[in-house]
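Have a look at model-v5.tsv below; it lists TSV, C-alpha atoms.
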chain	number	residue	atom	x	y	z
A	21	GLY	CA	-31.58	69.58	-10.59
A	22	GLU	CA	-32.39	70.76	-7.12
A	23	ASN	CA	-35.40	73.00	-6.53
A	24	VAL	CA	-36.04	74.79	-3.24
A	25	GLU	CA	-39.38	76.26	-2.29
A	26	GLN	CA	-39.86	78.57	0.67
A	27	HIS	CA	-42.97	79.70	2.55
A	28	PRO	CA	-44.30	82.12	3.47
A	29	SER	CA	-42.97	84.86	1.23
A	30	THR	CA	-43.79	87.50	3.85
A	31	LEU	CA	-44.32	87.10	7.57
A	32	SER	CA	-45.29	89.67	10.18
A	33	VAL	CA	-45.12	88.88	13.88
A	34	GLN	CA	-45.40	90.85	17.08
A	35	GLU	CA	-42.22	91.41	19.04
A	36	GLY	CA	-41.72	88.51	21.42
A	37	ASP	CA	-43.69	86.04	19.31
A	38	SER	CA	-42.15	83.14	17.41
A	39	ALA	CA	-41.59	82.97	13.65
A	40	VAL	CA	-41.38	79.84	11.53
A	41	ILE	CA	-40.20	79.66	7.93
A	42	LYS	CA	-40.43	76.42	5.97
A	43	CYS	CA	-38.48	75.15	2.98
A	44	THR	CA	-38.84	72.06	0.85
A	45	TYR	CA	-36.25	70.60	-1.47
A	46	SER	CA	-36.49	68.14	-4.31
A	47	ASP	CA	-33.15	66.32	-4.49
A	48	SER	CA	-32.79	63.62	-1.85
A	49	ALA	CA	-29.00	63.77	-2.35
A	50	SER	CA	-28.85	67.25	-0.79
A	51	ASN	CA	-27.26	67.02	2.63
A	52	TYR	CA	-26.37	70.53	3.75
A	53	PHE	CA	-28.95	73.22	4.52
A	54	PRO	CA	-27.85	76.71	5.53
A	55	TRP	CA	-30.02	79.67	6.41
A	56	TYR	CA	-28.98	83.21	5.55
A	57	LYS	CA	-30.28	86.53	6.81
A	58	GLN	CA	-30.07	89.53	4.49
A	59	GLU	CA	-30.81	92.99	5.77
A	60	LEU	CA	-31.65	95.72	3.29
A	61	GLY	CA	-28.62	96.64	1.21
A	62	LYS	CA	-26.35	94.20	3.02
A	63	ARG	CA	-24.73	90.87	2.28
A	64	PRO	CA	-26.39	87.56	3.17
A	65	GLN	CA	-25.08	86.36	6.53
A	66	LEU	CA	-25.11	82.76	7.66
A	67	ILE	CA	-27.20	82.40	10.81
A	68	ILE	CA	-27.44	78.65	11.19
A	69	ASP	CA	-26.91	75.50	9.17
A	70	ILE	CA	-27.73	71.83	9.48
A	71	ARG	CA	-26.37	68.68	7.92
A	72	SER	CA	-28.45	65.66	7.07
A	73	ASN	CA	-27.00	63.51	9.82
A	74	VAL	CA	-28.89	65.51	12.48
A	75	GLY	CA	-32.55	66.37	12.85
A	76	GLU	CA	-32.33	69.58	14.84
A	77	LYS	CA	-29.84	72.27	15.73
A	78	LYS	CA	-30.25	75.20	18.06
A	79	ASP	CA	-28.31	78.40	18.63
A	80	GLN	CA	-29.82	80.65	21.29
A	81	ARG	CA	-33.12	81.95	19.86
A	82	ILE	CA	-32.68	80.26	16.50
A	83	ALA	CA	-33.28	76.63	15.66
A	84	VAL	CA	-33.48	74.58	12.51
A	85	THR	CA	-35.25	71.25	12.07
A	86	LEU	CA	-34.79	68.81	9.22
A	87	ASN	CA	-37.09	66.05	8.01
A	88	LYS	CA	-35.15	64.07	5.42
A	89	THR	CA	-38.02	61.74	4.65
A	90	ALA	CA	-40.37	64.57	3.79
A	91	LYS	CA	-37.53	66.67	2.35
A	92	HIS	CA	-38.29	69.78	4.28
A	93	PHE	CA	-36.52	71.93	6.84
A	94	SER	CA	-37.65	74.85	8.93
A	95	LEU	CA	-36.21	77.87	10.68
A	96	HIS	CA	-37.63	78.75	14.08
A	97	ILE	CA	-36.97	82.10	15.72
A	98	THR	CA	-38.24	82.53	19.26
A	99	GLU	CA	-38.72	85.76	21.24
A	100	THR	CA	-38.45	87.81	18.08
A	101	GLN	CA	-36.96	91.29	18.23
A	102	PRO	CA	-37.19	94.23	15.80
A	103	GLU	CA	-33.60	93.57	14.67
A	104	ASP	CA	-34.73	90.16	13.41
A	105	SER	CA	-36.57	92.00	10.61
A	106	ALA	CA	-34.87	91.01	7.35
A	107	VAL	CA	-35.17	88.67	4.39
A	108	TYR	CA	-34.32	85.07	5.23
A	109	PHE	CA	-33.12	82.61	2.61
A	110	CYS	CA	-32.85	78.87	2.91
A	111	ALA	CA	-30.58	76.85	0.66
A	112	ALA	CA	-29.81	73.23	-0.16
A	113	SER	CA	-26.54	71.75	-1.27
A	114	MET	CA	-24.71	68.48	-1.67
A	115	GLU	CA	-21.69	68.71	0.56
A	116	ASN	CA	-18.57	66.91	-0.59
A	117	TYR	CA	-19.53	67.22	-4.22
A	118	GLY	CA	-18.49	70.83	-4.73
A	119	GLN	CA	-22.00	71.73	-5.69
A	120	ASN	CA	-23.58	75.10	-5.61
A	121	PHE	CA	-26.17	76.24	-3.17
A	122	VAL	CA	-29.70	76.36	-4.51
A	123	PHE	CA	-31.52	79.13	-2.70
A	124	GLY	CA	-35.17	79.53	-1.93
A	125	PRO	CA	-36.89	82.75	-3.02
A	126	GLY	CA	-36.74	84.28	0.46
A	127	THR	CA	-39.08	85.27	3.28
A	128	ARG	CA	-39.44	88.87	4.34
A	129	LEU	CA	-39.87	88.88	8.12
A	130	SER	CA	-41.21	91.96	9.83
A	131	VAL	CA	-41.19	92.11	13.62
A	132	LEU	CA	-43.65	94.70	14.81
A	133	PRO	CA	-42.92	96.53	18.08
B	11	GLU	CA	-17.78	90.77	9.85
B	12	THR	CA	-16.38	88.46	7.16
B	13	GLY	CA	-13.28	89.25	5.13
B	14	VAL	CA	-14.79	88.88	1.65
B	15	THR	CA	-14.58	92.10	-0.32
B	16	GLN	CA	-15.94	93.07	-3.72
B	17	SER	CA	-15.37	95.93	-6.12
B	18	PRO	CA	-16.86	98.09	-7.38
B	19	THR	CA	-19.88	98.58	-5.14
B	20	HIS	CA	-22.04	100.00	-7.91
B	21	LEU	CA	-21.75	100.07	-11.68
B	22	ILE	CA	-23.84	101.44	-14.54
B	23	LYS	CA	-23.38	100.06	-18.05
B	24	THR	CA	-25.28	100.12	-21.31
B	25	ARG	CA	-26.51	97.18	-23.33
B	26	GLY	CA	-23.81	95.44	-25.32
B	27	GLN	CA	-20.97	96.58	-23.09
B	28	GLN	CA	-18.69	94.32	-21.09
B	29	VAL	CA	-18.10	94.40	-17.34
B	30	THR	CA	-15.57	92.91	-14.91
B	31	LEU	CA	-16.38	92.45	-11.25
B	32	ARG	CA	-13.80	91.56	-8.63
B	33	CYS	CA	-13.82	89.56	-5.43
B	34	SER	CA	-11.19	89.01	-2.76
B	35	SER	CA	-11.81	85.89	-0.74
B	36	GLN	CA	-11.49	85.63	3.00
B	37	SER	CA	-7.98	84.79	4.18
B	38	GLY	CA	-7.32	81.05	3.90
B	39	HIS	CA	-10.26	80.38	1.58
B	40	ASN	CA	-9.43	78.76	-1.75
B	41	THR	CA	-12.92	78.49	-3.20
B	42	VAL	CA	-14.99	81.32	-4.63
B	43	SER	CA	-18.56	81.08	-5.88
B	44	TRP	CA	-20.43	83.76	-7.80
B	45	TYR	CA	-24.16	84.42	-7.57
B	46	GLN	CA	-26.61	86.70	-9.32
B	47	GLN	CA	-29.39	88.11	-7.14
B	48	ALA	CA	-32.20	89.83	-8.99
B	49	LEU	CA	-34.37	92.21	-7.03
B	50	GLY	CA	-36.68	90.37	-4.65
B	51	GLN	CA	-35.22	86.95	-5.41
B	52	GLY	CA	-32.77	84.53	-3.91
B	53	PRO	CA	-29.20	84.31	-5.19
B	54	GLN	CA	-28.70	82.13	-8.27
B	55	PHE	CA	-25.46	80.21	-8.73
B	56	ILE	CA	-23.31	81.30	-11.67
B	57	PHE	CA	-20.12	79.28	-11.17
B	58	GLN	CA	-17.52	78.24	-8.64
B	59	TYR	CA	-13.72	78.36	-8.76
B	60	TYR	CA	-11.47	76.10	-6.74
B	61	ARG	CA	-7.71	76.57	-6.92
B	62	GLU	CA	-7.94	78.52	-10.19
B	63	GLU	CA	-10.15	75.98	-11.96
B	64	GLU	CA	-13.87	76.19	-12.66
B	65	ASN	CA	-15.53	73.67	-10.36
B	66	GLY	CA	-19.18	73.81	-11.35
B	67	ARG	CA	-21.46	76.06	-13.32
B	68	GLY	CA	-25.09	77.05	-13.08
B	69	ASN	CA	-27.54	77.77	-15.86
B	70	PHE	CA	-25.88	80.89	-17.22
B	71	PRO	CA	-24.76	81.50	-20.85
B	72	PRO	CA	-21.09	81.46	-21.89
B	73	ARG	CA	-20.97	85.27	-21.95
B	74	PHE	CA	-20.63	84.91	-18.17
B	75	SER	CA	-17.04	83.88	-17.54
B	76	GLY	CA	-14.62	83.99	-14.70
B	77	LEU	CA	-11.11	83.67	-13.43
B	78	GLN	CA	-9.44	82.82	-10.18
B	79	PHE	CA	-5.93	83.99	-9.45
B	80	PRO	CA	-3.11	82.31	-7.47
B	81	ASN	CA	-4.03	84.39	-4.40
B	82	TYR	CA	-7.60	82.99	-4.79
B	83	SER	CA	-9.16	86.32	-5.65
B	84	SER	CA	-11.59	86.10	-8.53
B	85	GLU	CA	-13.17	87.99	-11.39
B	86	LEU	CA	-16.55	87.70	-13.03
B	87	ASN	CA	-16.75	88.91	-16.60
B	88	VAL	CA	-19.98	89.50	-18.45
B	89	ASN	CA	-19.93	90.24	-22.17
B	90	ALA	CA	-22.67	91.68	-24.37
B	91	LEU	CA	-24.64	92.99	-21.41
B	92	GLU	CA	-28.42	92.70	-21.50
B	93	LEU	CA	-31.02	94.60	-19.52
B	94	ASP	CA	-31.83	91.45	-17.54
B	95	ASP	CA	-28.26	91.33	-16.29
B	96	SER	CA	-29.14	94.15	-13.92
B	97	ALA	CA	-28.78	92.61	-10.48
B	98	LEU	CA	-26.69	92.34	-7.34
B	99	TYR	CA	-23.67	90.13	-7.99
B	100	LEU	CA	-22.42	88.34	-4.91
B	101	CYS	CA	-19.31	86.34	-4.42
B	102	ALA	CA	-18.88	83.90	-1.57
B	103	SER	CA	-15.74	82.18	-0.37
B	104	SER	CA	-15.22	78.99	1.56
B	105	TRP	CA	-12.31	76.96	2.96
B	106	ASP	CA	-12.63	74.54	0.10
B	107	TYR	CA	-15.34	73.16	-2.10
B	108	LEU	CA	-15.86	70.15	0.14
B	109	ARG	CA	-16.78	72.20	3.19
B	110	GLU	CA	-19.76	74.15	2.15
B	111	THR	CA	-20.02	77.01	4.64
B	112	GLN	CA	-19.85	80.04	2.40
B	113	TYR	CA	-19.28	83.62	3.45
B	114	PHE	CA	-20.63	86.33	1.23
B	115	GLY	CA	-19.14	89.61	0.14
B	116	PRO	CA	-21.18	92.83	0.10
B	117	GLY	CA	-21.95	92.52	-3.60
B	118	THR	CA	-21.72	94.68	-6.68
B	119	ARG	CA	-24.93	96.25	-7.88
B	120	LEU	CA	-24.96	96.37	-11.68
B	121	LEU	CA	-27.45	98.44	-13.62
B	122	VAL	CA	-27.67	97.93	-17.37
B	123	LEU	CA	-29.42	100.68	-19.31
Show this structure as structure tokens.
Amino acid sequence: GENVEQHPSTLSVQEGDSAVIKCTYSDSASNYFPWYKQELGKRPQLIIDIRSNVGEKKDQRIAVTLNKTAKHFSLHITETQPEDSAVYFCAASMENYGQNFVFGPGTRLSVLP
Amino acid sequence: ETGVTQSPTHLIKTRGQQVTLRCSSQSGHNTVSWYQQALGQGPQFIFQYYREEENGRGNFPPRFSGLQFPNYSSELNVNALELDDSALYLCASSWDYLRETQYFGPGTRLLVL
């Protein structure tokens, strides 16, 4: 089955700096990769997703890149703000097969003022 | 804010007891997935229901069972509770199992003593 690894497990950055979180997956059939942000005591919220037919997607300060050959994808947050502090989870899934999401273990991001 | 709701918000049970958790999917969504999130970990897939039928199952024992109703709301039942069942239980709904964007509910925090 699919296995998703995520690094780093914790990340501290200064406000205004960029943050990068990397995930690798094992199943080359996976074709949908969402990223979720989970603040303390709250539900995971989708912040961006990418499908395997594109290599990069951007939404304001957030971008995701995908390397299908190497089977890894990354979340990039620019101009970080204190409200970006949260746990971020990546996931991999096979769209169109009704499969579950396999989540990474999470990255705790702290943005220091 | 998404329309997925869950009840109850918190629950305390003792080992060996049974528990039922409930989820109302977002309007128009016919697919509900259930996840278990242990403290400090990513969500783990339990099972998915699509139009009242189980549509995939993760690596959880049969004492984890579920239902989906005609209005697409769903229940998760856990029998013979164990201490390790203590976790946040999340449900997520989506338009259908072929379109993977999932929206999470706030979760039910279960403590087994």
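Around region 58-65 of chain B, within 6 Å and counting all atoms listed in the file, the residues found are Asn40, Thr41, Val42, Ser43, Gln78 and Phe79 of chain B, once anything fewer than 4 positions away on its own chain is removed.
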Quiz item: Closest to Leu86 (chain B) among B:Gly50, B:Gly26, B:Gly38, B:Pro72, using only C-alpha atoms?
Solution: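 Using only C-alpha atoms, the shortest distance to Leu86 (chain B) belongs to B:Pro72.
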Exercise. Identify which of the residues B:Val29, B:Leu100, B:Leu120, B:Val14 lies closest to Ser75 (chain B), counting all atoms listed in the file when measuring atom-to-atom distances.
Key: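 Among the listed residues, the smallest separation from Ser75 (chain B) belongs to B:Val29.
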Practice problem: Would you give me, as an MDAnalysis selection string, the residues of chain A that come within 12 Å of chain B, using only C-alpha atoms? | Solution: chainID A and resid 21:26 29:30 50:71 107:128
Quiz prompt | Between CA of Asp95 (chain B) and CA of His27 (chain A) - distance in Å to one decimal | solution =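 Taking CA of His27 (chain A) and CA of Asp95 (chain B), their separation equals 26.6 Å.
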Practice problem: Could you tell me which of B:Leu123, B:Gln47, B:Arg25, B:Ser104 comes closest to Ser83 (chain B) if we count only C-alpha atoms? | Solution: B:Ser104
Quiz item: Quick one, how far is CA of Val122 (chain B) from CA of Asp94 (chain B)?
Solution: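 Distance reported for this atom pair: 7.7 Å.
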Quiz prompt | Separation of CA of Val74 (chain A) from CA of Ser103 (chain B), in Å and rounded to one decimal | solution =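 Rounded to one decimal, the two atoms are 24.8 Å apart.
For Ser38 (chain A), the set of protein, DNA and RNA residues having any atom at most 12 Å away, when counting only C-alpha atoms and skipping those fewer than 4 positions along the same chain, is Leu31, Ser32, Val33, Gln34, Arg81, Ile82, Ala83, Leu95, His96, Ile97, Thr98, Glu99, Thr100, Gln101, Asp104, Leu129, Ser130, Val131 and Leu132 of chain A.
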Quiz prompt | Long-range neighbours of Thr85 (chain A) as a PyMOL selection string, 7 Å cut-off, only C-alpha atoms, 6 positions minimum in chain | solution = chain A and resi 75-77+93-95
Next, write the just-selected residues to a file, as a short mmCIF file (atom, residue, chain, number, x, y, z; two decimals), keeping the file's coordinate frame, keeping C-alpha atoms as the atom set.
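File selection29.cif, as written:
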data_model
loop_
_atom_site.label_atom_id
_atom_site.label_comp_id
_atom_site.auth_asym_id
_atom_site.auth_seq_id
_atom_site.Cartn_x
_atom_site.Cartn_y
_atom_site.Cartn_z
CA GLY A 75 -32.55 66.37 12.85
CA GLU A 76 -32.33 69.58 14.84
CA LYS A 77 -29.84 72.27 15.73
CA PHE A 93 -36.52 71.93 6.84
CA SER A 94 -37.65 74.85 8.93
CA LEU A 95 -36.21 77.87 10.68
#
